[in-house]
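What follows is the content of model.txt (compact mmCIF, C-alpha atoms).
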```
# COMPACT_ATOMS: atom_id res chain seq x y z
CA MET A 576 120.97 92.30 106.31
CA THR A 577 117.42 91.50 105.17
CA ASN A 578 114.38 93.34 106.51
CA SER A 579 113.19 90.22 108.33
CA VAL A 580 116.53 89.86 110.13
CA LEU A 581 116.52 93.57 111.02
CA LEU A 582 113.00 93.24 112.40
CA GLN A 583 113.97 90.27 114.51
CA LYS A 584 116.93 92.22 115.90
CA TYR A 585 115.31 95.62 116.48
CA ASN A 586 111.68 94.80 117.26
CA THR A 587 112.12 95.32 120.99
CA PRO A 588 110.10 97.41 123.50
CA VAL A 589 111.23 101.04 123.14
CA PRO A 590 109.69 104.49 123.86
CA ARG A 591 107.72 106.38 121.19
CA TYR A 592 109.63 109.61 121.90
CA THR A 593 106.76 112.08 121.88
CA SER A 594 108.94 113.58 124.59
CA TYR A 595 112.37 113.29 126.15
CA PRO A 596 112.79 112.29 128.89
CA THR A 597 109.96 109.80 128.43
CA VAL A 598 107.35 109.77 131.19
CA PRO A 599 108.64 106.64 133.02
CA TYR A 600 112.00 108.41 133.45
CA TRP A 601 110.78 111.68 134.89
CA GLU A 602 112.36 112.55 138.22
CA GLU A 603 110.26 111.16 141.04
CA LYS A 604 110.48 114.39 143.05
CA PRO A 605 107.16 116.27 142.65
CA ILE A 606 107.09 119.82 141.29
CA SER A 607 105.43 122.39 143.54
CA GLU A 608 102.86 124.85 142.22
CA ARG A 609 105.25 127.71 142.91
CA ALA A 610 108.06 126.06 140.94
CA TRP A 611 105.75 125.31 138.00
CA ILE A 612 104.44 128.88 137.90
CA GLN A 613 108.02 130.15 137.76
CA HIS A 614 108.88 127.78 134.93
CA PHE A 615 105.96 128.66 132.68
CA GLN A 616 106.46 132.36 133.41
CA ASP A 617 110.11 132.05 132.32
CA ALA A 618 109.04 130.21 129.14
CA PHE A 619 106.43 132.81 128.18
CA GLN A 620 107.29 134.78 125.03
CA VAL A 621 104.40 137.07 124.19
CA ASP A 622 105.60 137.76 120.64
CA ARG A 623 106.16 134.05 119.79
CA GLY A 624 102.82 132.77 121.04
CA ILE A 625 101.85 129.61 122.94
CA SER A 626 100.41 126.23 122.03
CA LEU A 627 97.30 125.05 123.84
CA TYR A 628 96.07 121.46 124.16
CA ILE A 629 92.70 120.63 125.73
CA HIS A 630 91.93 117.04 126.76
CA LEU A 631 88.27 116.08 126.47
CA PRO A 632 88.22 112.53 127.87
CA TYR A 633 84.66 111.33 127.40
CA CYS A 634 83.53 108.60 124.97
CA GLU A 635 80.15 106.89 124.66
CA LYS A 636 81.68 103.51 123.81
CA LEU A 637 84.99 101.78 124.56
CA CYS A 638 87.19 101.13 121.54
CA THR A 639 89.17 98.18 122.85
CA TYR A 640 92.43 99.02 121.03
CA CYS A 641 92.63 102.52 122.51
CA GLY A 642 95.50 103.53 124.80
CA CYS A 643 94.23 107.05 125.58
CA ASN A 644 93.03 108.33 128.95
CA LYS A 645 89.23 108.28 128.65
CA ARG A 646 85.96 107.90 130.56
CA ILE A 647 83.14 105.84 129.06
CA THR A 648 79.66 107.26 129.67
CA LYS A 649 76.40 108.12 127.93
CA ASN A 650 75.63 110.77 130.54
CA HIS A 651 76.06 114.06 128.71
CA GLY A 652 75.36 115.92 131.92
CA VAL A 653 79.13 115.71 132.54
CA GLU A 654 79.86 118.16 129.71
CA ALA A 655 79.14 121.52 131.37
CA PRO A 656 80.92 120.81 134.70
CA TYR A 657 84.02 119.53 132.90
CA ILE A 658 84.19 122.57 130.61
CA ALA A 659 83.77 124.81 133.64
CA SER A 660 86.80 123.12 135.22
CA ILE A 661 88.85 123.58 132.03
CA LEU A 662 88.07 127.29 131.98
CA GLN A 663 88.93 127.63 135.67
CA GLU A 664 92.28 125.95 135.03
CA TRP A 665 92.91 128.30 132.10
CA GLU A 666 92.20 131.28 134.37
CA LEU A 667 94.81 129.97 136.83
CA TYR A 668 97.38 130.12 134.04
CA VAL A 669 96.27 133.49 132.70
CA LYS A 670 96.41 135.25 136.06
CA ASN A 671 100.00 134.02 136.53
CA LEU A 672 101.28 134.96 133.07
CA PRO A 673 103.15 138.26 132.78
CA GLN A 674 101.01 139.43 129.84
CA ARG A 675 97.90 138.46 127.93
CA PRO A 676 98.80 135.27 126.00
CA LEU A 677 98.92 135.02 122.22
CA ILE A 678 97.57 131.66 121.02
CA LYS A 679 99.31 130.22 117.98
CA ALA A 680 98.17 126.60 118.11
CA LEU A 681 95.12 124.95 119.66
CA HIS A 682 94.18 121.28 119.58
CA LEU A 683 91.21 119.44 121.06
CA GLY A 684 92.02 115.80 121.84
CA GLY A 685 90.45 112.96 123.69
CA GLY A 686 88.63 110.82 124.39
CA THR A 687 86.15 112.11 121.85
CA PRO A 688 85.90 115.91 121.53
CA THR A 689 82.77 115.45 119.41
CA PHE A 690 81.13 113.72 122.40
CA PHE A 691 80.49 117.31 123.51
CA HIS A 692 77.55 119.24 122.06
CA PRO A 693 78.59 122.02 119.65
CA ASP A 694 77.16 124.63 122.03
CA GLN A 695 79.39 123.33 124.82
CA LEU A 696 82.44 123.48 122.54
CA ASP A 697 81.46 127.04 121.62
CA THR A 698 81.33 127.94 125.32
CA LEU A 699 84.74 126.34 125.85
CA ILE A 700 86.55 128.05 122.98
CA ARG A 701 84.99 131.46 123.54
CA GLY A 702 85.93 131.15 127.22
CA ILE A 703 89.55 130.50 126.17
CA PHE A 704 89.57 133.44 123.74
CA LYS A 705 88.17 135.78 126.40
CA HIS A 706 91.58 135.83 128.08
CA ALA A 707 93.86 135.65 125.03
CA ASP A 708 94.69 137.11 121.63
CA LEU A 709 95.13 135.10 118.45
CA ALA A 710 98.28 135.11 116.33
CA PRO A 711 97.92 136.34 112.71
CA GLU A 712 98.42 132.75 111.54
CA VAL A 713 97.07 129.97 113.75
CA ASP A 714 96.87 126.18 113.61
CA PHE A 715 93.60 125.02 115.20
CA GLY A 716 92.56 121.38 114.97
CA PHE A 717 90.34 118.81 116.65
CA GLU A 718 89.87 115.04 116.74
CA ALA A 719 86.55 113.74 115.43
CA HIS A 720 84.74 110.42 115.68
CA PRO A 721 82.88 109.85 112.40
CA SER A 722 79.71 108.59 114.08
CA SER A 723 79.35 111.50 116.53
CA THR A 724 80.49 114.42 114.36
CA THR A 725 77.64 116.52 113.01
CA ARG A 726 77.64 119.35 110.50
CA GLN A 727 76.86 121.63 113.45
CA HIS A 728 80.12 120.54 115.14
CA LEU A 729 82.07 121.40 112.01
CA THR A 730 80.28 124.72 111.45
CA THR A 731 80.66 125.85 115.05
CA LEU A 732 84.37 125.08 115.18
CA TYR A 733 85.02 126.50 111.70
CA TYR A 734 83.64 129.89 112.73
CA LEU A 735 85.83 129.75 115.84
CA GLY A 736 88.92 129.48 113.62
CA PHE A 737 89.44 125.73 113.24
CA ARG A 738 90.73 124.66 109.85
CA ARG A 739 92.10 121.17 110.57
CA ILE A 740 90.13 118.06 111.47
CA SER A 741 91.55 114.67 112.40
CA VAL A 742 89.11 111.85 111.70
CA GLY A 743 89.54 108.56 113.57
CA VAL A 744 89.17 106.02 110.77
CA GLN A 745 91.56 103.23 111.93
CA ASP A 746 90.34 100.80 109.21
CA PHE A 747 87.29 100.44 106.96
CA ALA A 748 86.73 96.68 107.32
CA PRO A 749 83.55 95.84 109.30
CA GLU A 750 85.12 92.71 110.85
CA ILE A 751 88.06 94.75 112.20
CA LEU A 752 85.85 97.57 113.44
CA ASP A 753 83.67 94.95 115.13
CA ILE A 754 86.49 93.22 117.02
CA ILE A 755 87.87 96.57 118.27
CA ASN A 756 84.33 97.79 119.12
CA ARG A 757 84.63 100.81 116.82
CA GLN A 758 81.10 101.59 115.67
CA GLN A 759 81.22 103.70 112.51
CA THR A 760 80.66 103.34 108.78
CA GLU A 761 82.50 104.28 105.62
CA GLU A 762 79.61 106.57 104.71
CA GLU A 763 80.02 108.49 107.98
CA VAL A 764 83.73 109.00 107.24
CA ARG A 765 82.90 110.22 103.74
CA GLN A 766 80.13 112.51 104.99
CA VAL A 767 82.32 114.20 107.61
CA THR A 768 85.07 114.67 105.01
CA GLU A 769 82.70 116.23 102.48
CA TRP A 770 81.14 118.54 105.07
CA ALA A 771 84.58 119.72 106.20
CA ARG A 772 85.62 120.55 102.66
CA GLU A 773 82.33 122.29 101.84
CA LEU A 774 82.79 124.51 104.91
CA GLY A 775 86.38 125.42 104.02
CA TYR A 776 88.59 123.24 106.23
CA THR A 777 92.03 123.24 104.64
CA SER A 778 93.47 120.07 106.20
CA VAL A 779 91.63 116.78 106.70
CA ASN A 780 93.66 114.12 108.49
CA TYR A 781 92.78 110.44 108.80
CA ASP A 782 94.13 108.33 111.66
CA LEU A 783 94.81 104.81 110.40
CA ILE A 784 96.31 101.91 112.35
CA PHE A 785 98.34 98.96 111.11
CA GLY A 786 98.68 95.79 113.17
CA LEU A 787 95.06 95.64 114.35
CA PRO A 788 93.50 92.27 115.13
CA LEU A 789 92.47 90.28 112.01
CA GLN A 790 94.17 92.83 109.71
CA THR A 791 95.75 91.47 106.53
CA PRO A 792 97.44 92.95 103.45
CA ALA A 793 94.06 92.76 101.69
CA HIS A 794 92.61 95.12 104.32
CA ILE A 795 95.44 97.60 103.80
CA ARG A 796 94.91 97.50 100.02
CA THR A 797 91.18 98.10 100.42
CA THR A 798 91.75 101.01 102.81
CA MET A 799 94.24 102.64 100.46
CA GLN A 800 91.89 102.20 97.50
CA LYS A 801 89.19 104.08 99.39
CA LEU A 802 91.66 106.89 100.13
CA GLU A 803 92.12 107.50 96.41
CA SER A 804 88.65 109.05 96.21
CA LEU A 805 88.54 110.53 99.74
CA ARG A 806 92.00 112.09 99.38
CA PRO A 807 92.72 113.34 102.93
CA ASP A 808 95.45 115.99 103.11
CA ARG A 809 97.48 114.09 105.68
CA ILE A 810 97.48 110.66 107.25
CA ALA A 811 98.71 109.35 110.57
CA PHE A 812 99.49 105.66 109.92
CA TYR A 813 100.13 104.43 113.44
CA SER A 814 101.49 101.15 114.68
CA TYR A 815 99.01 99.45 116.99
CA ALA A 816 100.60 99.35 120.44
CA HIS A 817 99.59 96.13 122.18
CA VAL A 818 99.98 96.81 125.92
CA PRO A 819 97.24 94.79 127.66
CA TRP A 820 99.15 94.97 130.97
CA ILE A 821 98.47 98.74 130.84
CA LYS A 822 95.17 98.78 128.91
CA PRO A 823 93.12 95.70 129.96
CA SER A 824 90.49 96.39 127.27
CA GLN A 825 92.99 95.00 124.75
CA ARG A 826 92.37 91.57 126.26
CA ALA A 827 89.13 91.53 124.24
CA TYR A 828 91.25 89.65 121.70
CA SER A 829 94.45 87.65 121.96
CA GLU A 830 97.87 87.84 120.34
CA ALA A 831 96.74 85.02 118.08
CA ASP A 832 94.46 87.60 116.40
CA LEU A 833 97.31 90.05 115.77
CA PRO A 834 99.75 90.32 112.87
CA LEU A 835 103.14 90.35 114.58
CA GLY A 836 106.79 90.92 113.65
CA THR A 837 107.46 90.65 109.93
CA ALA A 838 103.77 90.26 109.10
CA LYS A 839 102.98 93.52 110.89
CA ARG A 840 105.84 95.42 109.28
CA GLU A 841 104.73 94.24 105.86
CA LEU A 842 101.37 95.92 106.47
CA TYR A 843 103.13 99.24 107.02
CA GLU A 844 105.42 98.87 104.03
CA LEU A 845 102.51 97.98 101.77
CA GLY A 846 100.53 100.96 103.03
CA ARG A 847 103.52 103.28 102.68
CA ASP A 848 104.18 102.17 99.10
CA LEU A 849 100.54 102.65 98.12
CA LEU A 850 100.42 106.08 99.77
CA GLU A 851 103.58 107.18 97.98
CA ASP A 852 102.08 105.97 94.70
CA MET A 853 99.16 108.33 95.40
CA GLY A 854 101.50 111.29 95.93
CA TYR A 855 101.85 111.30 99.72
CA HIS A 856 105.24 111.98 101.34
CA GLU A 857 106.50 110.28 104.50
CA ILE A 858 106.86 112.74 107.38
CA GLY A 859 108.98 111.75 110.37
CA MET A 860 107.54 108.61 111.95
CA ASP A 861 104.08 107.22 111.06
CA HIS A 862 102.89 110.32 109.17
CA PHE A 863 102.22 111.16 105.52
CA ALA A 864 101.09 114.34 103.79
CA LEU A 865 100.32 115.72 100.36
CA PRO A 866 102.76 118.37 99.07
CA THR A 867 100.13 121.08 99.64
CA ASP A 868 99.69 120.33 103.36
CA ASP A 869 101.33 122.39 106.11
CA LEU A 870 102.97 119.30 107.59
CA TYR A 871 104.91 118.64 104.37
CA LEU A 872 105.70 122.33 103.87
CA SER A 873 107.04 122.62 107.43
CA MET A 874 109.25 119.57 106.92
CA GLN A 875 110.69 121.20 103.79
CA ALA A 876 111.20 124.47 105.68
CA ARG A 877 112.79 122.57 108.62
CA THR A 878 110.25 123.97 111.09
CA LEU A 879 108.52 120.61 111.74
CA HIS A 880 108.25 119.97 115.48
CA ARG A 881 107.13 117.06 117.66
CA ASN A 882 105.51 117.31 121.09
CA PHE A 883 102.80 115.66 123.16
CA MET A 884 100.25 116.55 120.45
CA GLY A 885 102.32 114.72 117.82
CA TYR A 886 103.85 116.46 114.80
CA THR A 887 103.13 120.17 114.42
CA PRO A 888 104.20 122.70 111.75
CA PHE A 889 106.05 124.92 114.21
CA TYR A 890 107.57 125.17 117.67
CA THR A 891 106.40 127.32 120.58
CA ARG A 892 108.48 127.44 123.72
CA LEU A 893 105.46 127.15 125.98
CA SER A 894 102.78 124.47 125.51
CA ILE A 895 99.97 124.62 128.06
CA ALA A 896 97.76 121.56 128.40
CA LEU A 897 94.37 121.72 130.10
CA GLY A 898 92.20 118.87 131.34
CA ALA A 899 92.62 115.55 133.11
CA SER A 900 95.90 113.71 132.37
CA SER A 901 97.20 116.37 129.95
CA ILE A 902 100.92 117.27 129.90
CA SER A 903 102.31 120.80 129.71
CA ASP A 904 105.80 121.73 128.50
CA SER A 905 107.70 124.87 129.56
CA TRP A 906 110.75 123.71 127.53
CA ASP A 907 112.73 123.25 130.73
CA GLY A 908 110.10 121.21 132.52
CA PHE A 909 107.04 118.96 132.12
CA ILE A 910 104.02 118.58 134.38
CA GLN A 911 101.13 116.17 134.07
CA ASN A 912 97.65 116.81 135.43
CA GLU A 913 95.74 114.39 137.61
CA LYS A 914 94.53 111.48 135.48
CA GLY A 915 91.28 110.94 137.37
CA ILE A 916 88.53 113.36 136.34
CA GLU A 917 87.19 113.75 139.87
CA GLU A 918 90.68 114.35 141.31
CA TYR A 919 91.37 116.87 138.53
CA GLN A 920 88.13 118.75 139.13
CA ASP A 921 88.60 118.72 142.90
CA ALA A 922 92.03 120.37 142.64
CA ILE A 923 90.66 123.01 140.29
CA ALA A 924 87.70 123.70 142.59
CA ARG A 925 90.17 124.34 145.42
CA GLY A 926 92.04 126.84 143.25
CA HIS A 927 95.14 124.68 142.70
CA PHE A 928 96.99 123.55 139.61
CA PRO A 929 96.02 119.85 139.33
CA ILE A 930 99.63 118.61 139.16
CA THR A 931 100.20 114.92 139.79
CA LYS A 932 103.85 114.68 138.67
CA GLY A 933 106.50 116.50 136.70
CA HIS A 934 110.09 116.69 135.59
CA LEU A 935 112.59 119.57 135.55
CA PHE A 936 115.27 119.30 132.88
CA THR A 937 118.95 118.97 133.46
CA GLU A 938 121.34 120.51 130.94
CA GLU A 939 121.98 116.99 129.59
CA ASP A 940 118.23 116.40 129.16
CA GLN A 941 117.97 119.54 127.02
CA ILE A 942 120.87 118.52 124.80
CA LEU A 943 119.60 114.99 124.27
CA ARG A 944 116.04 116.17 123.59
CA THR A 945 117.43 118.40 120.82
CA HIS A 946 119.09 115.43 119.11
CA ILE A 947 116.04 113.19 119.47
CA LEU A 948 113.79 115.90 118.02
CA ASN A 949 116.19 116.39 115.12
CA ILE A 950 116.10 112.68 114.33
CA MET A 951 112.32 112.49 114.62
CA CYS A 952 111.67 115.61 112.51
CA ARG A 953 114.65 115.84 110.12
CA TYR A 954 116.18 112.35 109.97
CA GLU A 955 119.53 113.81 111.01
CA THR A 956 121.38 115.54 113.84
CA ASP A 957 124.73 117.20 114.43
CA TRP A 958 126.88 117.70 117.54
CA SER A 959 129.78 119.67 116.09
CA ASP A 960 128.75 122.61 118.29
CA PRO A 961 130.20 121.97 121.80
CA ALA A 962 126.90 123.28 123.24
CA LEU A 963 125.22 120.17 121.77
CA GLN A 964 127.59 117.76 123.48
CA CYS A 965 127.53 116.33 126.99
CA ALA A 966 129.20 113.66 129.09
CA ALA A 967 126.75 111.04 127.83
CA PHE A 968 128.13 111.28 124.29
CA GLU A 969 130.95 108.84 124.87
CA ASP A 970 128.40 106.11 125.60
CA ILE A 971 126.00 107.32 122.89
CA ILE A 972 128.63 107.07 120.16
CA GLY A 973 129.48 103.58 121.37
CA ARG A 974 125.88 102.54 120.67
CA PHE A 975 126.14 103.55 117.00
CA ASP A 976 128.23 100.52 115.97
CA ASP A 977 125.36 98.14 115.21
CA LEU A 978 123.21 100.88 113.72
CA ILE A 979 126.02 101.75 111.29
CA ALA A 980 126.89 98.13 110.51
CA ASP A 981 123.23 97.35 109.78
CA GLY A 982 122.91 100.36 107.46
CA LEU A 983 120.37 102.25 109.58
CA ILE A 984 122.50 105.38 110.03
CA GLU A 985 125.54 107.02 108.49
CA VAL A 986 127.88 109.03 110.72
CA ASN A 987 130.35 111.45 109.17
CA GLY A 988 132.44 113.16 111.81
CA GLN A 989 129.88 114.66 114.18
CA HIS A 990 126.90 114.41 111.86
CA LEU A 991 124.36 111.57 111.84
CA VAL A 992 121.94 110.85 109.00
CA VAL A 993 119.16 108.26 109.10
CA THR A 994 119.21 106.16 105.94
CA THR A 995 116.10 105.13 104.02
CA LEU A 996 116.60 101.64 105.45
CA GLY A 997 116.76 103.14 108.93
CA ARG A 998 113.51 105.12 108.84
CA PRO A 999 111.36 102.23 110.09
CA PHE A 1000 113.67 102.08 113.12
CA LEU A 1001 113.61 105.74 114.23
CA ARG A 1002 112.66 104.72 117.75
CA ASN A 1003 115.68 102.41 117.99
CA ILE A 1004 117.98 105.16 116.69
CA CYS A 1005 116.64 107.64 119.25
CA LEU A 1006 117.17 104.99 121.92
CA ALA A 1007 120.91 105.34 121.40
CA PHE A 1008 120.60 108.94 122.71
CA ASP A 1009 118.34 108.05 125.65
CA ALA A 1010 120.80 108.31 128.52
CA ARG A 1011 118.10 107.90 131.16
CA TYR A 1012 116.93 104.61 129.66
CA TRP A 1013 120.45 103.17 129.65
CA GLN A 1014 121.10 104.35 133.20
CA LYS A 1015 118.04 102.46 134.44
CA GLN A 1016 116.64 99.95 131.99
CA PRO A 1017 113.08 98.86 132.82
CA GLY A 1018 112.80 95.58 134.65
CA ALA A 1019 109.16 95.08 133.62
CA LYS A 1020 107.05 95.73 130.54
CA VAL A 1021 106.73 99.50 130.05
CA PHE A 1022 106.90 100.26 126.31
CA SER A 1023 105.31 98.82 123.18
CA GLN A 1024 107.33 97.00 120.52
CA ALA A 1025 109.40 99.14 118.13
CA VAL A 1026 107.53 97.78 115.09
```
Now, as a test, write the supplied structure out as structure tokens.
Amino acid sequence: MTNSVLLQKYNTPVPRYTSYPTVPYWEEKPISERAWIQHFQDAFQVDRGISLYIHLPYCEKLCTYCGCNKRITKNHGVEAPYIASILQEWELYVKNLPQRPLIKALHLGGGTPTFFHPDQLDTLIRGIFKHADLAPEVDFGFEAHPSSTTRQHLTTLYYLGFRRISVGVQDFAPEILDIINRQQTEEEVRQVTEWARELGYTSVNYDLIFGLPLQTPAHIRTTMQKLESLRPDRIAFYSYAHVPWIKPSQRAYSEADLPLGTAKRELYELGRDLLEDMGYHEIGMDHFALPTDDLYLSMQARTLHRNFMGYTPFYTRLSIALGASSISDSWDGFIQNEKGIEEYQDAIARGHFPITKGHLFTEEDQILRTHILNIMCRYETDWSDPALQCAAFEDIIGRFDDLIADGLIEVNGQHLVVTTLGRPFLRNICLAFDARYWQKQPGAKVFSQAV
């Protein structure tokens, strides 16, 4: 079957599988504060460490393609009160943990973390460290907008232990940046990269997007040519998710402006081929890394993990997320914070965990999440161990027929391997394991297209 026929068949709306169960399939029953405290206490392993995500939602300008939870403002007076709320939420966790936590991973996401003044970020991180110890080896990273990231930002965070920076590049073409309202220059990207390397950052990541409005193969070639001299250590090459029914800002352009279907997939394949020619290796879904980067080394060591922060070099049982809309994971349950900043801050001010919804895992959920993570991180999974089987497997195996016939997977006994042809369709392969989706398929648009 040709690639174009496969695309036509499999380019359907499916989840991205940063988690399982996916958020639309969480149980509707709310989780009480008491239940959540018990779950994260049970997940706490002082010797293994925790992961910490902090959501900083503010941006000065609206990038119209963006699907993140954000607040657009030029009022920097919001910085101090929001950081105070984050630290109060952290104290709620700390006082309910059985011992002083050991932080192994820390990531600042947004929004735009570099919206915040370096002094405010210093206050935030030192406030976190006041109630925690640091593991001997840590993975600290932050997301940076090229036009708002100063050398002072990089210096401040470097001396706080950050060694990884993720730069939001998206594309270099002025006409594409203009239509998505992304105001930055190539020189700003280069300057931030050079500063980071001069200071000693060991991993520079670029976020790139394929499928943006007006984007053509010529744009992808130009972007990849610029990477030859910039040489970031890793690259997230994301598919643009067009969901204007969820993110109205995407109506700033129409589908007529977008490369769709085969044309969109060709952008990815061109970019992938050029990246591989430069020595990058494909990691899981949408990611690439040089052989010296921790992401590649963790894939080789089979410790690569995927969670709400994306791909990470290692797993921690407990992932605590602070800030509006952020999602925490106790490994047997998820909770999401209030999405609205005012609602989030009000709950914190009243001394409550700002929970808006959550999901407690069934035994079947745990088993199926294991298989989906294996596919996303290792391109294979195995259910020969009876502990990795459940009642849903009869239906799951029945969904393999087309995937096998189309050459996307190979199944030998109780072992599944994703073929090279199947890697562009990881989301479709994971869908076969998504029992909750098949029990209640969405009647309206919920997910973005697979490709």
Report task. Return the single residue from A:Lys649, A:Lys932, A:Lys839, A:Arg847 that is closest to Asp861 in chain A, with distances computed using only C-alpha atoms. Result ->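 Among A:Lys649, A:Lys932, A:Lys839, A:Arg847, it is A:Arg847 that comes nearest to Asp861 in chain A.
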Query raised in the report: Counting all atoms listed in the file, what is within 7 Å of Thr878 in chain A, bar same-chain residues fewer than 2 positions away, as a ChimeraX atom specification?
Result: /A:873-874,876,880,888-889
Per residue of range 848-886 of chain A within 10 Å of range 587-592 of chain A, record the nearest atom pair and its distance in Å to one decimal, counting only C-alpha atoms, with rows in chain order and ascending residue number, as JSON lines.
```
{"residue": "A:Met860", "atom": "CA", "partner": "A:Arg591", "partner_atom": "CA", "distance": 9.5}
{"residue": "A:Arg881", "atom": "CA", "partner": "A:Tyr592", "partner_atom": "CA", "distance": 8.9}
{"residue": "A:Asn882", "atom": "CA", "partner": "A:Tyr592", "partner_atom": "CA", "distance": 8.8}
{"residue": "A:Phe883", "atom": "CA", "partner": "A:Tyr592", "partner_atom": "CA", "distance": 9.2}
{"residue": "A:Gly885", "atom": "CA", "partner": "A:Tyr592", "partner_atom": "CA", "distance": 9.8}
```
Near-range 902-911 of chain A list (6 Å; only C-alpha atoms; drop same-chain fewer than 2 positions) as a CSV table (one decimal) with C-alpha atoms, in the coordinates of the input:
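Result file around21.csv:
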```
chain,number,residue,atom,x,y,z
A,615,PHE,CA,106.0,128.7,132.7
A,618,ALA,CA,109.0,130.2,129.1
A,892,ARG,CA,108.5,127.4,123.7
A,893,LEU,CA,105.5,127.2,126.0
A,894,SER,CA,102.8,124.5,125.5
A,895,ILE,CA,100.0,124.6,128.1
A,896,ALA,CA,97.8,121.6,128.4
A,930,ILE,CA,99.6,118.6,139.2
A,931,THR,CA,100.2,114.9,139.8
A,932,LYS,CA,103.8,114.7,138.7
A,933,GLY,CA,106.5,116.5,136.7
A,934,HIS,CA,110.1,116.7,135.6
A,935,LEU,CA,112.6,119.6,135.6
A,936,PHE,CA,115.3,119.3,132.9
```
Query raised in the report: If we count all atoms listed in the file, what is near range 741-748 of chain A at a cut-off of 10 Å, once residues fewer than 3 positions away on the same chain are taken out, given as a ChimeraX atom specification?
Result: /A:683-684,687,716-722,724,751-753,755,757,759-761,763-764,767-768,778-785,787,789-790,794-795,797-799,801,807,809-813,815
File dump, residues just selected, C-alpha atoms, as an mmCIF file, in the coordinates of the input:
```cif
data_model
loop_
_atom_site.group_PDB
_atom_site.id
_atom_site.type_symbol
_atom_site.label_atom_id
_atom_site.label_comp_id
_atom_site.auth_asym_id
_atom_site.auth_seq_id
_atom_site.Cartn_x
_atom_site.Cartn_y
_atom_site.Cartn_z
ATOM 1 C CA LEU A 683 91.210 119.440 121.060
ATOM 2 C CA GLY A 684 92.020 115.800 121.840
ATOM 3 C CA THR A 687 86.150 112.110 121.850
ATOM 4 C CA GLY A 716 92.560 121.380 114.970
ATOM 5 C CA PHE A 717 90.340 118.810 116.650
ATOM 6 C CA GLU A 718 89.870 115.040 116.740
ATOM 7 C CA ALA A 719 86.550 113.740 115.430
ATOM 8 C CA HIS A 720 84.740 110.420 115.680
ATOM 9 C CA PRO A 721 82.880 109.850 112.400
ATOM 10 C CA SER A 722 79.710 108.590 114.080
ATOM 11 C CA THR A 724 80.490 114.420 114.360
ATOM 12 C CA ILE A 751 88.060 94.750 112.200
ATOM 13 C CA LEU A 752 85.850 97.570 113.440
ATOM 14 C CA ASP A 753 83.670 94.950 115.130
ATOM 15 C CA ILE A 755 87.870 96.570 118.270
ATOM 16 C CA ARG A 757 84.630 100.810 116.820
ATOM 17 C CA GLN A 759 81.220 103.700 112.510
ATOM 18 C CA THR A 760 80.660 103.340 108.780
ATOM 19 C CA GLU A 761 82.500 104.280 105.620
ATOM 20 C CA GLU A 763 80.020 108.490 107.980
ATOM 21 C CA VAL A 764 83.730 109.000 107.240
ATOM 22 C CA VAL A 767 82.320 114.200 107.610
ATOM 23 C CA THR A 768 85.070 114.670 105.010
ATOM 24 C CA SER A 778 93.470 120.070 106.200
ATOM 25 C CA VAL A 779 91.630 116.780 106.700
ATOM 26 C CA ASN A 780 93.660 114.120 108.490
ATOM 27 C CA TYR A 781 92.780 110.440 108.800
ATOM 28 C CA ASP A 782 94.130 108.330 111.660
ATOM 29 C CA LEU A 783 94.810 104.810 110.400
ATOM 30 C CA ILE A 784 96.310 101.910 112.350
ATOM 31 C CA PHE A 785 98.340 98.960 111.110
ATOM 32 C CA LEU A 787 95.060 95.640 114.350
ATOM 33 C CA LEU A 789 92.470 90.280 112.010
ATOM 34 C CA GLN A 790 94.170 92.830 109.710
ATOM 35 C CA HIS A 794 92.610 95.120 104.320
ATOM 36 C CA ILE A 795 95.440 97.600 103.800
ATOM 37 C CA THR A 797 91.180 98.100 100.420
ATOM 38 C CA THR A 798 91.750 101.010 102.810
ATOM 39 C CA MET A 799 94.240 102.640 100.460
ATOM 40 C CA LYS A 801 89.190 104.080 99.390
ATOM 41 C CA PRO A 807 92.720 113.340 102.930
ATOM 42 C CA ARG A 809 97.480 114.090 105.680
ATOM 43 C CA ILE A 810 97.480 110.660 107.250
ATOM 44 C CA ALA A 811 98.710 109.350 110.570
ATOM 45 C CA PHE A 812 99.490 105.660 109.920
ATOM 46 C CA TYR A 813 100.130 104.430 113.440
ATOM 47 C CA TYR A 815 99.010 99.450 116.990
#
```
**Report entry** Point-to-point distance in Å for CA of Arg953 in chain A and CA of Glu985 in chain A
**Finding:** 14.1 Å
Query raised in the report: Which residue, A:Leu631, A:Asn644, A:Ile606, A:Glu938, has the smallest gap to Gly915 in chain A when you use only C-alpha atoms?
Result: A:Asn644
Query - Coordinates-based distance that separates CA of Gln663 in chain A from CA of Cys634 in chain A (Å, one decimal) - result: 22.5 Å
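One distance worth recording is that between CA of Asp852 in chain A and CA of Ser804 in chain A, which is 13.9 Å.
Compared by their closest atoms to Asp617 in chain A, and using all atoms listed in the file, the residues A:Pro673, A:Arg738, A:Asn586, A:Glu969 rank with A:Pro673 nearest.
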Please give the centre and size of the box around range 613-621 of chain A (axis-aligned, containing every atom listed in the file, 8 Å added per side), with values in Å to one decimal and written as AutoDock Vina command-line options.
```
--center_x 107.3 --center_y 132.4 --center_z 131.0 --size_x 21.7 --size_y 25.3 --size_z 29.6
```
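If you measure from each of A:Val621, A:Leu696, A:Ile629, A:Ile754 to Thr730 in chain A using only C-alpha atoms, the closest one turns out to be A:Leu696.
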Requested in this report: Tell me which of A:Tyr668, A:Phe1008, A:Tyr628, A:Phe1000 sits closest to Ile972 in chain A, counting all atoms listed in the file.
Outcome: A:Phe1008
Query raised in the report: Which polymer residues have any atom within 12 Å of an atom of Trp1013 in chain A, counting all atoms listed in the file, with same-chain residues fewer than 5 positions away left out, as a ChimeraX atom specification?
Result: /A:589,596,600,967,970-971,974,1005-1008,1018
